[in-house]
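Structure, as structure tokens:
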Amino acid sequence: MVHMKKINNPWLGNPEYNCLGCCPTNPIGAHMRFYEEGDDVVSVWQPTQNHQSWIDTLHGGMQATLLDEACGWVIFHKLQTAGVTAKMEIRYKKPVSTRQTHIVIRARLVEMRRNVAIVQGEIWSADNQLLVECTCTYFTFPQEKAIAEMGYQPSVVDEKEVTIEDLIH
């Protein structure tokens, strides 16, 4: 059983914060929460029929949104700054069923070149099958600029450890 620590959302309480991926009060948002597991940023998410394209299949654009958000949190949390997506390459390997109890989205930094970060992301099924993978390229900002101009606040983790099983029950 793998233990993770919750990454506290640094934007909570900001009246202008309404991210489609991670804002818990966005009425049409994904309400993603993130956890740190070693080098990975992880989110456990439950697809619904409201996110489908074909019957019982998670829309590819929604899959891209989940992956981009998780990869972005690698920039926020692991690099402690902000950045923007410059490029995203996705490989849809298997359909993502909207009928499963949850999916697991994982992302990690694989390369850093000056201010360009390369992040790998994946979506895993509830029964641990790799369904989707992506590589995202981000332009990152100096932390001072991210704080002064973009409202970035450094993220921290809770000390309490949780497991994926804790999050789906």
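Chain labels A, B, ... are given in the sequence in which chains occur in the structure tokens; within each chain residues are numbered consecutively from 1, and ligands are likewise numbered from 1 in the order shown.
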Might you pull out every residue within 10 Å of Ala64 in chain A, with only C-alpha atoms counted and same-chain residues fewer than 2 positions away left off, and present them as a PyMOL selection string? chain A and resi 59-62+66-70+88-90+92+121+123+132-134
Shell around Cys23 in chain A at 9 Å using only C-alpha atoms, local window under 2 positions removed, as a ChimeraX atom specification: /A:9,11-12,17-21,25-26,29-33
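Using only C-alpha atoms for every distance, the candidate list A:Glu36, A:Glu111, A:Glu144, A:Asp56 yields A:Glu36 as the residue closest to Lys160 in chain A.
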Please run DSSP on the backbone and report, as a ChimeraX atom specification, all residues within chain A that come out as helix (DSSP H, G or I). /A:49-51,60-78,143-150,164-168
Quick one: pick out all strand (DSSP E) residues within chain A from a backbone DSSP run and write them as a tab-separated table (two decimals) with C-alpha atoms, in the first residue's frame.
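Below is the file that was written, result.tsv:
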chain	number	residue	atom	x	y	z
A	4	MET	CA	0.86	9.85	-0.14
A	5	LYS	CA	0.68	13.30	1.41
A	6	LYS	CA	-1.98	15.83	0.40
A	7	ILE	CA	-0.70	18.96	-1.32
A	35	TYR	CA	-1.12	14.35	-3.46
A	36	GLU	CA	2.62	13.85	-3.41
A	37	GLU	CA	3.99	10.33	-3.76
A	40	ASP	CA	4.89	11.99	-8.56
A	41	VAL	CA	1.97	14.35	-8.20
A	42	VAL	CA	-1.17	12.19	-8.00
A	43	SER	CA	-4.90	12.82	-8.26
A	44	VAL	CA	-7.65	10.26	-7.70
A	45	TRP	CA	-10.75	11.27	-9.65
A	83	GLY	CA	4.20	28.19	-15.71
A	84	VAL	CA	2.14	27.91	-18.88
A	85	THR	CA	1.57	24.94	-21.14
A	86	ALA	CA	3.45	25.37	-24.42
A	87	LYS	CA	2.80	21.94	-25.91
A	88	MET	CA	0.97	18.77	-24.99
A	89	GLU	CA	1.27	15.44	-26.77
A	90	ILE	CA	-1.25	12.76	-25.78
A	91	ARG	CA	-1.35	9.08	-26.58
A	92	TYR	CA	-4.77	7.54	-25.99
A	103	ILE	CA	-9.07	6.77	-12.15
A	104	VAL	CA	-5.60	7.77	-11.05
A	105	ILE	CA	-3.81	10.65	-12.75
A	106	ARG	CA	-0.03	10.80	-12.21
A	107	ALA	CA	2.58	13.31	-13.35
A	108	ARG	CA	6.30	13.87	-12.80
A	109	LEU	CA	9.10	16.11	-13.99
A	110	VAL	CA	11.34	14.28	-16.47
A	111	GLU	CA	13.59	17.09	-17.73
A	112	MET	CA	14.40	20.71	-17.02
A	113	ARG	CA	16.16	22.96	-19.57
A	116	VAL	CA	11.44	24.80	-19.96
A	117	ALA	CA	10.04	21.86	-18.01
A	118	ILE	CA	9.13	18.53	-19.59
A	119	VAL	CA	6.49	16.67	-17.59
A	120	GLN	CA	5.19	13.13	-18.13
A	121	GLY	CA	1.58	12.35	-17.21
A	122	GLU	CA	-0.60	9.24	-17.19
A	123	ILE	CA	-4.14	8.12	-16.52
A	124	TRP	CA	-4.50	4.71	-14.87
A	130	LEU	CA	-2.27	2.41	-18.24
A	131	LEU	CA	-4.94	4.11	-20.36
A	132	VAL	CA	-3.49	7.43	-21.48
A	133	GLU	CA	-0.06	9.04	-21.41
A	134	CYS	CA	1.17	12.49	-22.26
A	135	THR	CA	4.22	14.68	-22.41
A	136	CYS	CA	3.74	18.34	-21.58
A	137	THR	CA	6.17	21.15	-22.20
A	138	TYR	CA	5.84	24.15	-19.88
A	139	PHE	CA	7.46	27.55	-19.88
A	140	THR	CA	8.18	28.29	-16.23
A	157	VAL	CA	1.99	19.13	2.03
A	158	ASP	CA	-0.01	17.82	4.96
A	159	GLU	CA	2.00	15.53	7.17
A	160	LYS	CA	-0.86	13.02	7.44
A	161	GLU	CA	-0.37	10.14	5.01
A	162	VAL	CA	-3.22	8.70	2.94
What is the CA of Thr101 in chain A to CA of Thr65 in chain A distance in Å?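 According to the coordinates, CA of Thr101 in chain A and CA of Thr65 in chain A are separated by 19.2 Å.
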Excluding His77 in chain A and residues on its chain fewer than 5 positions from it, collect all residues at most 8 Å away from it, counting only C-alpha atoms, and give them as a PyMOL selection string. chain A and resi 7+154-156
How many Å separate CA of Val2 in chain A from CA of Thr81 in chain A? 26.9 Å
